[in-house]
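**Q** Sharing run_31.pdb, PDB, C-alpha atoms, pLDDT in the B column:
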```pdb
MODEL        1
ATOM      1  CA  MET U   1       7.656   2.337 -16.305  1.00 47.00           C
ATOM      2  CA  GLU U   2       5.037   5.057 -15.874  1.00 49.00           C
ATOM      3  CA  GLN U   3       4.614   5.687 -19.602  1.00 52.00           C
ATOM      4  CA  GLU U   4       3.914   2.007 -20.244  1.00 76.00           C
ATOM      5  CA  ALA U   5       1.912   1.333 -17.088  1.00 91.00           C
ATOM      6  CA  ARG U   6      -1.432  -0.420 -17.456  1.00 94.00           C
ATOM      7  CA  ILE U   7      -4.100   0.918 -15.101  1.00 96.00           C
ATOM      8  CA  LEU U   8      -7.433  -0.768 -14.386  1.00 97.00           C
ATOM      9  CA  ILE U   9     -10.157   1.473 -12.964  1.00 96.00           C
ATOM     10  CA  VAL U  10     -12.916  -0.409 -11.131  1.00 96.00           C
ATOM     11  CA  GLU U  11     -15.693   2.170 -10.974  1.00 94.00           C
ATOM     12  CA  ASP U  12     -19.450   1.936 -11.692  1.00 91.00           C
ATOM     13  CA  ASP U  13     -19.973   5.678 -12.268  1.00 91.00           C
ATOM     14  CA  GLN U  14     -19.604   5.608 -16.042  1.00 91.00           C
ATOM     15  CA  ARG U  15     -19.091   9.350 -16.503  1.00 91.00           C
ATOM     16  CA  LEU U  16     -16.508   9.569 -13.743  1.00 91.00           C
ATOM     17  CA  ALA U  17     -14.713   6.491 -15.070  1.00 93.00           C
ATOM     18  CA  GLU U  18     -14.600   7.871 -18.620  1.00 93.00           C
ATOM     19  CA  LEU U  19     -13.394  11.313 -17.530  1.00 93.00           C
ATOM     20  CA  THR U  20     -10.706   9.723 -15.363  1.00 93.00           C
ATOM     21  CA  GLN U  21      -9.700   7.379 -18.159  1.00 95.00           C
ATOM     22  CA  ASP U  22      -9.383  10.258 -20.644  1.00 95.00           C
ATOM     23  CA  TYR U  23      -7.300  12.328 -18.222  1.00 95.00           C
ATOM     24  CA  LEU U  24      -4.909   9.500 -17.348  1.00 95.00           C
ATOM     25  CA  GLU U  25      -4.514   8.455 -20.981  1.00 94.00           C
ATOM     26  CA  SER U  26      -3.732  12.068 -21.931  1.00 94.00           C
ATOM     27  CA  ASN U  27      -0.878  11.795 -19.435  1.00 93.00           C
ATOM     28  CA  GLY U  28       0.648   8.711 -21.015  1.00 92.00           C
ATOM     29  CA  LEU U  29      -0.999   5.842 -19.140  1.00 94.00           C
ATOM     30  CA  GLU U  30      -2.812   2.862 -20.655  1.00 94.00           C
ATOM     31  CA  VAL U  31      -6.209   2.679 -18.955  1.00 96.00           C
ATOM     32  CA  SER U  32      -9.122   0.238 -19.001  1.00 96.00           C
ATOM     33  CA  VAL U  33     -12.347   0.294 -16.985  1.00 96.00           C
ATOM     34  CA  GLU U  34     -14.408  -2.358 -15.194  1.00 95.00           C
ATOM     35  CA  SER U  35     -17.809  -1.280 -13.851  1.00 92.00           C
ATOM     36  CA  ASN U  36     -18.961  -4.520 -12.221  1.00 92.00           C
ATOM     37  CA  GLY U  37     -17.495  -5.490  -8.867  1.00 90.00           C
ATOM     38  CA  ALA U  38     -18.439  -9.128  -9.362  1.00 88.00           C
ATOM     39  CA  ALA U  39     -16.246  -9.329 -12.478  1.00 93.00           C
ATOM     40  CA  ALA U  40     -13.356  -7.290 -11.076  1.00 94.00           C
ATOM     41  CA  VAL U  41     -11.517 -10.028  -9.167  1.00 93.00           C
ATOM     42  CA  GLU U  42     -11.263 -12.386 -12.131  1.00 93.00           C
ATOM     43  CA  ARG U  43     -10.243  -9.564 -14.446  1.00 94.00           C
ATOM     44  CA  ILE U  44      -7.528  -8.214 -12.130  1.00 95.00           C
ATOM     45  CA  LEU U  45      -5.997 -11.653 -11.629  1.00 92.00           C
ATOM     46  CA  ALA U  46      -6.198 -12.463 -15.342  1.00 93.00           C
ATOM     47  CA  GLU U  47      -4.886  -9.164 -16.743  1.00 94.00           C
ATOM     48  CA  ARG U  48      -2.394  -8.299 -13.977  1.00 93.00           C
ATOM     49  CA  PRO U  49      -2.511  -4.506 -14.428  1.00 95.00           C
ATOM     50  CA  ASP U  50       0.396  -2.488 -13.057  1.00 94.00           C
ATOM     51  CA  LEU U  51      -2.000  -0.637 -10.749  1.00 95.00           C
ATOM     52  CA  VAL U  52      -5.669  -0.877  -9.766  1.00 96.00           C
ATOM     53  CA  VAL U  53      -7.851   2.128  -8.942  1.00 96.00           C
ATOM     54  CA  LEU U  54     -10.639   0.576  -6.890  1.00 95.00           C
ATOM     55  CA  ASP U  55     -13.871   2.263  -5.811  1.00 93.00           C
ATOM     56  CA  LEU U  56     -15.402   1.168  -2.513  1.00 90.00           C
ATOM     57  CA  MET U  57     -19.065   1.215  -3.543  1.00 88.00           C
ATOM     58  CA  LEU U  58     -19.684  -1.133  -6.458  1.00 89.00           C
ATOM     59  CA  PRO U  59     -22.516  -3.319  -7.755  1.00 87.00           C
ATOM     60  CA  GLY U  60     -21.971  -7.050  -7.399  1.00 87.00           C
ATOM     61  CA  GLU U  61     -19.135  -6.886  -4.855  1.00 89.00           C
ATOM     62  CA  ASP U  62     -17.766  -3.979  -2.839  1.00 90.00           C
ATOM     63  CA  GLY U  63     -14.223  -2.686  -3.038  1.00 91.00           C
ATOM     64  CA  LEU U  64     -13.176  -3.937   0.410  1.00 90.00           C
ATOM     65  CA  SER U  65     -14.177  -7.494  -0.464  1.00 92.00           C
ATOM     66  CA  ILE U  66     -12.398  -7.285  -3.821  1.00 93.00           C
ATOM     67  CA  CYS U  67      -9.239  -5.969  -2.165  1.00 91.00           C
ATOM     68  CA  ARG U  68      -9.281  -8.738   0.432  1.00 88.00           C
ATOM     69  CA  ARG U  69      -9.771 -11.454  -2.199  1.00 90.00           C
ATOM     70  CA  ILE U  70      -7.100 -10.345  -4.657  1.00 90.00           C
ATOM     71  CA  ARG U  71      -4.378  -9.397  -2.164  1.00 84.00           C
ATOM     72  CA  PRO U  72      -2.949 -12.910  -1.664  1.00 80.00           C
ATOM     73  CA  ASP U  73      -2.422 -13.314  -5.442  1.00 84.00           C
ATOM     74  CA  TYR U  74      -1.916  -9.752  -6.707  1.00 89.00           C
ATOM     75  CA  ASP U  75       1.125  -7.753  -5.595  1.00 83.00           C
ATOM     76  CA  GLY U  76       0.564  -4.586  -7.637  1.00 88.00           C
ATOM     77  CA  PRO U  77      -0.430  -1.294  -6.021  1.00 90.00           C
ATOM     78  CA  ILE U  78      -4.096  -0.780  -5.135  1.00 93.00           C
ATOM     79  CA  LEU U  79      -5.336   2.809  -4.928  1.00 93.00           C
ATOM     80  CA  MET U  80      -8.741   2.959  -3.260  1.00 91.00           C
ATOM     81  CA  LEU U  81     -11.400   5.634  -3.821  1.00 90.00           C
ATOM     82  CA  THR U  82     -13.187   6.450  -0.570  1.00 84.00           C
ATOM     83  CA  ALA U  83     -15.903   8.753   0.728  1.00 74.00           C
ATOM     84  CA  ARG U  84     -14.381  12.009   1.967  1.00 60.00           C
ATOM     85  CA  THR U  85     -16.184  11.996   5.309  1.00 61.00           C
ATOM     86  CA  ASP U  86     -15.858   8.318   6.264  1.00 63.00           C
ATOM     87  CA  ASP U  87     -12.559   7.765   8.058  1.00 68.00           C
ATOM     88  CA  MET U  88     -13.406   4.094   8.635  1.00 71.00           C
ATOM     89  CA  ASP U  89     -13.481   3.493   4.883  1.00 70.00           C
ATOM     90  CA  GLN U  90      -9.870   4.596   4.710  1.00 71.00           C
ATOM     91  CA  VAL U  91      -8.769   2.491   7.674  1.00 74.00           C
ATOM     92  CA  GLN U  92     -10.607  -0.610   6.449  1.00 77.00           C
ATOM     93  CA  GLY U  93      -9.182  -0.186   2.966  1.00 77.00           C
ATOM     94  CA  LEU U  94      -5.642  -0.098   4.331  1.00 78.00           C
ATOM     95  CA  GLU U  95      -6.350  -3.101   6.534  1.00 76.00           C
ATOM     96  CA  MET U  96      -7.549  -5.060   3.503  1.00 79.00           C
ATOM     97  CA  GLY U  97      -4.255  -4.349   1.733  1.00 80.00           C
ATOM     98  CA  ALA U  98      -4.792  -1.115  -0.192  1.00 86.00           C
ATOM     99  CA  ASP U  99      -1.595   0.884  -0.715  1.00 85.00           C
ATOM    100  CA  ASP U 100      -3.142   4.334  -0.761  1.00 86.00           C
ATOM    101  CA  TYR U 101      -6.485   6.101  -0.996  1.00 85.00           C
ATOM    102  CA  VAL U 102      -7.946   9.189  -2.634  1.00 87.00           C
ATOM    103  CA  CYS U 103     -11.110  10.830  -1.344  1.00 85.00           C
ATOM    104  CA  LYS U 104     -14.105  11.550  -3.550  1.00 86.00           C
ATOM    105  CA  PRO U 105     -14.865  13.781  -5.313  1.00 85.00           C
ATOM    106  CA  VAL U 106     -11.723  12.826  -7.195  1.00 85.00           C
ATOM    107  CA  ARG U 107      -9.379  15.602  -8.312  1.00 89.00           C
ATOM    108  CA  PRO U 108      -7.713  14.242 -11.469  1.00 91.00           C
ATOM    109  CA  ARG U 109      -4.371  15.947 -10.838  1.00 92.00           C
ATOM    110  CA  LEU U 110      -4.166  14.525  -7.312  1.00 90.00           C
ATOM    111  CA  LEU U 111      -5.161  11.073  -8.546  1.00 93.00           C
ATOM    112  CA  LEU U 112      -2.444  11.193 -11.209  1.00 93.00           C
ATOM    113  CA  ALA U 113       0.143  12.287  -8.603  1.00 90.00           C
ATOM    114  CA  ARG U 114      -0.770   9.394  -6.304  1.00 89.00           C
ATOM    115  CA  ILE U 115      -0.661   6.908  -9.193  1.00 93.00           C
ATOM    116  CA  ARG U 116       2.766   8.175 -10.263  1.00 90.00           C
ATOM    117  CA  ALA U 117       4.063   7.923  -6.689  1.00 85.00           C
ATOM    118  CA  LEU U 118       2.875   4.313  -6.365  1.00 87.00           C
ATOM    119  CA  LEU U 119       4.367   3.382  -9.745  1.00 87.00           C
ATOM    120  CA  ARG U 120       7.699   4.979  -8.812  1.00 82.00           C
ATOM    121  CA  ARG U 121       7.762   3.020  -5.581  1.00 75.00           C
ATOM    122  CA  LYS U 122       6.945  -0.209  -7.410  1.00 69.00           C
ATOM    123  CA  GLU U 123       9.653   0.489  -9.975  1.00 69.00           C
ATOM    124  CA  ALA U 124      12.229   1.226  -7.282  1.00 60.00           C
ATOM    125  CA  VAL U 125      11.374  -1.820  -5.182  1.00 55.00           C
ATOM    126  CA  GLU U 126      11.613  -4.443  -7.939  1.00 53.00           C
ATOM    127  CA  PRO U 127      15.254  -3.907  -9.040  1.00 49.00           C
ATOM    128  CA  ALA U 128      16.330  -3.351  -5.430  1.00 48.00           C
ATOM    129  CA  ALA U 129      14.779  -6.660  -4.404  1.00 47.00           C
ATOM    130  CA  ALA U 130      16.372  -8.425  -7.363  1.00 45.00           C
ATOM    131  CA  THR U 131      19.889  -7.156  -6.666  1.00 43.00           C
ATOM    132  CA  SER U 132      19.979  -6.815  -2.897  1.00 49.00           C
ATOM    133  CA  GLY U 133      20.740  -9.893  -0.843  1.00 51.00           C
ATOM    134  CA  LYS U 134      20.532  -8.036   2.422  1.00 83.00           C
ATOM    135  CA  ARG U 135      18.940  -9.896   5.307  1.00 86.00           C
ATOM    136  CA  LEU U 136      18.301  -8.523   8.779  1.00 91.00           C
ATOM    137  CA  SER U 137      17.969 -10.692  11.875  1.00 90.00           C
ATOM    138  CA  PHE U 138      16.570  -9.627  15.224  1.00 91.00           C
ATOM    139  CA  GLY U 139      16.408 -12.733  17.387  1.00 88.00           C
ATOM    140  CA  ARG U 140      13.222 -14.565  16.416  1.00 91.00           C
ATOM    141  CA  LEU U 141      12.539 -12.137  13.565  1.00 93.00           C
ATOM    142  CA  VAL U 142      14.251 -12.380  10.173  1.00 93.00           C
ATOM    143  CA  ILE U 143      13.572  -9.980   7.275  1.00 93.00           C
ATOM    144  CA  ASP U 144      14.915 -10.653   3.772  1.00 92.00           C
ATOM    145  CA  ASN U 145      14.783  -7.761   1.302  1.00 88.00           C
ATOM    146  CA  ALA U 146      15.798  -9.862  -1.720  1.00 83.00           C
ATOM    147  CA  MET U 147      12.973 -12.345  -1.189  1.00 84.00           C
ATOM    148  CA  ARG U 148      10.669  -9.674   0.266  1.00 85.00           C
ATOM    149  CA  GLU U 149       9.706 -12.057   3.016  1.00 90.00           C
ATOM    150  CA  ALA U 150       9.892 -12.113   6.802  1.00 94.00           C
ATOM    151  CA  TRP U 151       9.823 -14.953   9.322  1.00 94.00           C
ATOM    152  CA  LEU U 152       9.038 -15.179  13.026  1.00 93.00           C
ATOM    153  CA  ASP U 153      10.347 -18.332  14.711  1.00 92.00           C
ATOM    154  CA  GLU U 154      11.003 -19.661  11.171  1.00 89.00           C
ATOM    155  CA  GLN U 155       7.327 -19.274  10.275  1.00 93.00           C
ATOM    156  CA  THR U 156       6.476 -17.049   7.287  1.00 93.00           C
ATOM    157  CA  ILE U 157       4.787 -13.779   8.232  1.00 94.00           C
ATOM    158  CA  GLU U 158       1.926 -12.784   5.933  1.00 89.00           C
ATOM    159  CA  LEU U 159       2.608  -9.175   4.942  1.00 88.00           C
ATOM    160  CA  THR U 160       1.143  -7.001   2.230  1.00 83.00           C
ATOM    161  CA  SER U 161       3.626  -5.290  -0.087  1.00 80.00           C
ATOM    162  CA  ALA U 162       3.091  -1.971   1.693  1.00 82.00           C
ATOM    163  CA  GLU U 163       3.527  -3.588   5.119  1.00 88.00           C
ATOM    164  CA  PHE U 164       6.796  -5.202   4.055  1.00 89.00           C
ATOM    165  CA  ASP U 165       8.116  -1.893   2.688  1.00 88.00           C
ATOM    166  CA  LEU U 166       7.330  -0.178   6.003  1.00 91.00           C
ATOM    167  CA  LEU U 167       8.797  -2.987   8.118  1.00 93.00           C
ATOM    168  CA  TRP U 168      11.996  -3.022   6.046  1.00 92.00           C
ATOM    169  CA  LEU U 169      12.340   0.760   6.286  1.00 90.00           C
ATOM    170  CA  LEU U 170      11.976   0.689  10.065  1.00 93.00           C
ATOM    171  CA  ALA U 171      14.202  -2.364  10.572  1.00 93.00           C
ATOM    172  CA  SER U 172      16.974  -1.089   8.311  1.00 89.00           C
ATOM    173  CA  ASN U 173      17.000   2.067  10.444  1.00 90.00           C
ATOM    174  CA  ALA U 174      16.954   0.188  13.754  1.00 89.00           C
ATOM    175  CA  GLY U 175      17.906   2.403  16.665  1.00 89.00           C
ATOM    176  CA  ARG U 176      16.928   5.622  14.877  1.00 90.00           C
ATOM    177  CA  ILE U 177      13.627   7.449  15.278  1.00 91.00           C
ATOM    178  CA  LEU U 178      11.899   7.953  11.938  1.00 91.00           C
ATOM    179  CA  SER U 179       9.363  10.749  11.790  1.00 89.00           C
ATOM    180  CA  ARG U 180       6.057  10.279   9.992  1.00 85.00           C
ATOM    181  CA  GLU U 181       7.309  12.821   7.468  1.00 85.00           C
ATOM    182  CA  GLU U 182      10.403  10.721   6.712  1.00 85.00           C
ATOM    183  CA  ILE U 183       8.405   7.502   6.471  1.00 87.00           C
ATOM    184  CA  PHE U 184       5.745   9.060   4.274  1.00 81.00           C
ATOM    185  CA  ASN U 185       8.295  10.593   1.928  1.00 79.00           C
ATOM    186  CA  SER U 186      10.372   7.405   1.690  1.00 79.00           C
ATOM    187  CA  LEU U 187       7.459   5.081   1.004  1.00 77.00           C
ATOM    188  CA  ARG U 188       5.114   7.240  -1.047  1.00 67.00           C
ATOM    189  CA  GLY U 189       7.252  10.000  -2.509  1.00 59.00           C
ATOM    190  CA  ILE U 190       4.873  12.733  -1.384  1.00 56.00           C
ATOM    191  CA  GLU U 191       4.794  15.079   1.569  1.00 57.00           C
ATOM    192  CA  TYR U 192       2.956  14.152   4.765  1.00 56.00           C
ATOM    193  CA  ASP U 193      -0.192  16.231   5.193  1.00 57.00           C
ATOM    194  CA  GLY U 194      -0.355  15.845   8.961  1.00 56.00           C
ATOM    195  CA  GLN U 195      -3.620  13.892   8.874  1.00 62.00           C
ATOM    196  CA  ASP U 196      -3.035  10.710   6.881  1.00 67.00           C
ATOM    197  CA  ARG U 197      -3.382   7.643   9.124  1.00 74.00           C
ATOM    198  CA  SER U 198      -2.026   5.003   6.763  1.00 78.00           C
ATOM    199  CA  ILE U 199       1.350   4.688   8.521  1.00 84.00           C
ATOM    200  CA  ASP U 200      -0.290   4.290  11.940  1.00 86.00           C
ATOM    201  CA  VAL U 201      -2.720   1.681  10.630  1.00 85.00           C
ATOM    202  CA  ARG U 202       0.085  -0.360   9.086  1.00 88.00           C
ATOM    203  CA  ILE U 203       2.200  -0.154  12.235  1.00 91.00           C
ATOM    204  CA  SER U 204      -0.741  -1.487  14.260  1.00 91.00           C
ATOM    205  CA  ARG U 205      -1.082  -4.406  11.824  1.00 90.00           C
ATOM    206  CA  ILE U 206       2.632  -5.190  11.682  1.00 94.00           C
ATOM    207  CA  ARG U 207       3.208  -5.293  15.436  1.00 95.00           C
ATOM    208  CA  PRO U 208       1.277  -8.496  16.252  1.00 94.00           C
ATOM    209  CA  LYS U 209       2.594 -10.163  13.094  1.00 94.00           C
ATOM    210  CA  ILE U 210       6.200  -9.795  14.273  1.00 94.00           C
ATOM    211  CA  GLY U 211       5.383 -10.859  17.828  1.00 93.00           C
ATOM    212  CA  ASP U 212       5.240  -7.350  19.278  1.00 93.00           C
ATOM    213  CA  ASP U 213       2.659  -6.506  21.939  1.00 91.00           C
ATOM    214  CA  PRO U 214       0.200  -4.001  20.374  1.00 87.00           C
ATOM    215  CA  MET U 215      -0.700  -2.563  23.780  1.00 89.00           C
ATOM    216  CA  HIS U 216       2.866  -2.366  25.120  1.00 92.00           C
ATOM    217  CA  PRO U 217       5.137  -2.547  22.069  1.00 92.00           C
ATOM    218  CA  ARG U 218       8.829  -3.208  22.653  1.00 92.00           C
ATOM    219  CA  GLN U 219      10.070  -3.683  19.081  1.00 94.00           C
ATOM    220  CA  ILE U 220       8.291  -0.900  17.163  1.00 95.00           C
ATOM    221  CA  LYS U 221       7.905   1.915  19.646  1.00 94.00           C
ATOM    222  CA  THR U 222       5.863   5.073  19.222  1.00 92.00           C
ATOM    223  CA  VAL U 223       7.930   8.074  20.292  1.00 90.00           C
ATOM    224  CA  ARG U 224       5.473  10.805  21.125  1.00 87.00           C
ATOM    225  CA  SER U 225       5.644  13.878  18.873  1.00 84.00           C
ATOM    226  CA  LYS U 226       8.632  12.374  17.045  1.00 88.00           C
ATOM    227  CA  GLY U 227       7.691   9.197  15.173  1.00 90.00           C
ATOM    228  CA  TYR U 228       8.549   5.488  15.347  1.00 93.00           C
ATOM    229  CA  LEU U 229      11.602   3.623  16.623  1.00 93.00           C
ATOM    230  CA  PHE U 230      12.509   0.055  15.679  1.00 94.00           C
ATOM    231  CA  VAL U 231      14.422  -1.532  18.546  1.00 92.00           C
ATOM    232  CA  GLY U 232      16.984  -4.049  17.328  1.00 80.00           C
ATOM    233  CA  GLU U 233      17.312  -5.998  20.566  1.00 72.00           C
ATOM    234  CA  VAL U 234      14.308  -6.556  22.806  1.00 58.00           C
TER
ENDMDL
END
```
Please express the file's structure as structure tokens.

**A**
Amino acid sequence: MEQEARILIVEDDQRLAELTQDYLESNGLEVSVESNGAAAVERILAERPDLVVLDLMLPGEDGLSICRRIRPDYDGPILMLTARTDDMDQVQGLEMGADDYVCKPVRPRLLLARIRALLRRKEAVEPAAATSGKRLSFGRLVIDNAMREAWLDEQTIELTSAEFDLLWLLASNAGRILSREEIFNSLRGIEYDGQDRSIDVRISRIRPKIGDDPMHPRQIKTVRSKGYLFVGEV
């Protein structure tokens, strides 16, 4: 999968884009570049790359807007490039549906590692979803791993791919506390650095979608200093 993966870099810094393209291609990936944010949405939806590397600051349309617009129709991984010092960029990117982020200035080896991790996860999820008919039910909440869909009171819950993966991981381990390290390793294939907030952001977005009270959660509980616990019966 990785050797044949098609990557689209949406980046207006021509030198950075070219250097990144050369590095990724030298490591076996097929890479193209789009410098104009206004043209990115149409190109992503038309070409369907296996993964999108999306810069936040772009001419024509910013990365957050692009991410929000393509998410309903594009289920591939989105890796966002953010400013190192702006934590809100990272949070907003995740809320718009990005799967991961890398801070600028970009270190090519780190970028490649994150891309490989996202591609491995995508590759693992697709055959599992195709062959697994497992469905979990928790009262009003139903989660189907084969269809990669969830329902609350028989109404479809709108989840990003990353949100579904996290919800399924928690639900399939109902009754067991999962540490951030375990979650991070399972979903992204890399070690938790102790600072990444992506898991917490996704939990906060999932809770209201499944009918859990964000202020006083009963279904996905935060266990202080330990991690998260999905409660099967609430």

**Q** Could you state which residues are captured by the PyMOL selection byres ((chain U and resi 166) around 9) in this file, as a ChimeraX atom specification?

**A** /U:161-165,167-171,183,187,199,202-203,206

**Q** Save the residues we just selected, C-alpha atoms, as a PDB file, keeping the file's coordinate frame?

**A**
```
ATOM      1  CA  SER U 161       3.626  -5.290  -0.087  1.00 80.00           C
ATOM      2  CA  ALA U 162       3.091  -1.971   1.693  1.00 82.00           C
ATOM      3  CA  GLU U 163       3.527  -3.588   5.119  1.00 88.00           C
ATOM      4  CA  PHE U 164       6.796  -5.202   4.055  1.00 89.00           C
ATOM      5  CA  ASP U 165       8.116  -1.893   2.688  1.00 88.00           C
ATOM      6  CA  LEU U 167       8.797  -2.987   8.118  1.00 93.00           C
ATOM      7  CA  TRP U 168      11.996  -3.022   6.046  1.00 92.00           C
ATOM      8  CA  LEU U 169      12.340   0.760   6.286  1.00 90.00           C
ATOM      9  CA  LEU U 170      11.976   0.689  10.065  1.00 93.00           C
ATOM     10  CA  ALA U 171      14.202  -2.364  10.572  1.00 93.00           C
ATOM     11  CA  ILE U 183       8.405   7.502   6.471  1.00 87.00           C
ATOM     12  CA  LEU U 187       7.459   5.081   1.004  1.00 77.00           C
ATOM     13  CA  ILE U 199       1.350   4.688   8.521  1.00 84.00           C
ATOM     14  CA  ARG U 202       0.085  -0.360   9.086  1.00 88.00           C
ATOM     15  CA  ILE U 203       2.200  -0.154  12.235  1.00 91.00           C
ATOM     16  CA  ILE U 206       2.632  -5.190  11.682  1.00 94.00           C
TER      17      ILE U 206
END
```

**Q** Decode the PyMOL selection byres ((chain U and resi 94) around 10) for the given file into explicit residues and return them as a VMD selection string.

**A** chain U and resid 64 67 78 to 80 88 to 93 95 to 101 160 162 to 163 197 to 199 201 to 202 205

**Q** Export, as a compact mmCIF listing (two decimals), in the coordinates of the input, the selected residues with C-alpha atoms.

**A**
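Below is the file that was written, part.txt:
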```
# COMPACT_ATOMS: atom_id res chain seq x y z
CA LEU U 64 -13.18 -3.94 0.41
CA CYS U 67 -9.24 -5.97 -2.16
CA ILE U 78 -4.10 -0.78 -5.14
CA LEU U 79 -5.34 2.81 -4.93
CA MET U 80 -8.74 2.96 -3.26
CA MET U 88 -13.41 4.09 8.64
CA ASP U 89 -13.48 3.49 4.88
CA GLN U 90 -9.87 4.60 4.71
CA VAL U 91 -8.77 2.49 7.67
CA GLN U 92 -10.61 -0.61 6.45
CA GLY U 93 -9.18 -0.19 2.97
CA GLU U 95 -6.35 -3.10 6.53
CA MET U 96 -7.55 -5.06 3.50
CA GLY U 97 -4.26 -4.35 1.73
CA ALA U 98 -4.79 -1.12 -0.19
CA ASP U 99 -1.60 0.88 -0.72
CA ASP U 100 -3.14 4.33 -0.76
CA TYR U 101 -6.48 6.10 -1.00
CA THR U 160 1.14 -7.00 2.23
CA ALA U 162 3.09 -1.97 1.69
CA GLU U 163 3.53 -3.59 5.12
CA ARG U 197 -3.38 7.64 9.12
CA SER U 198 -2.03 5.00 6.76
CA ILE U 199 1.35 4.69 8.52
CA VAL U 201 -2.72 1.68 10.63
CA ARG U 202 0.08 -0.36 9.09
CA ARG U 205 -1.08 -4.41 11.82
```

**Q** Can you list, as a PyMOL selection string, the residues that the PyMOL selection byres ((chain U and resi 12-15) around 12) selects here?

**A** chain U and resi 9-11+16-22+33-40+53-63+81+105

**Q** For Leu119 in chain U, which of U:Glu181, U:Glu4, U:Asp144, U:Glu47 is the closest residue, counting only C-alpha atoms?

**A**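 Result for the nearest residue to Leu119 in chain U: U:Glu4.
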
**Q** Can you tell me how far CA of Leu178 in chain U sits from CA of Met215 in chain U, in Å to one decimal?

**A**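 About the pair CA of Leu178 in chain U and CA of Met215 in chain U: they are 20.2 Å apart.
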
**Q** Calculate how many Å separate CA of Ile7 in chain U from CA of Leu110 in chain U, rounding to one decimal.

**A**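 Between these atoms lies a distance of 15.7 Å.
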
**Q** When distances are computed from only C-alpha atoms, which of U:Lys221, U:Arg135, U:Arg6, U:Arg71 shows the smallest separation from Val31 in chain U?

**A**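 Among the listed residues, the smallest separation from Val31 in chain U belongs to U:Arg6.
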
**Q** As a list in words, please: the residues near Asn27 in chain U (cut-off 12 Å, only C-alpha atoms, same-chain neighbours under 5 positions excluded).

**A** Glu2, Gln3, Glu4, Ala5, Thr20, Gln21, Asp22, Pro108, Arg109, Leu111, Leu112, Ala113, Ile115 and Arg116 of chain U

**Q** If I take CA of Arg224 in chain U and CA of Asn185 in chain U, how far is one from the other in Å, to one decimal?

**A** 19.4 Å

**Q** Quick one: residues within 8 Å of Phe230 in chain U, all atoms listed in the file counted, chain neighbours fewer than 4 positions away excluded, as a ChimeraX atom specification?

**A** /U:170-171,173-177,219-221

**Q** Calculated over only C-alpha atoms, which of the candidates U:Arg140, U:Arg107, U:Arg69, U:Arg218 has the smallest distance to Val41 in chain U?

**A** U:Arg69
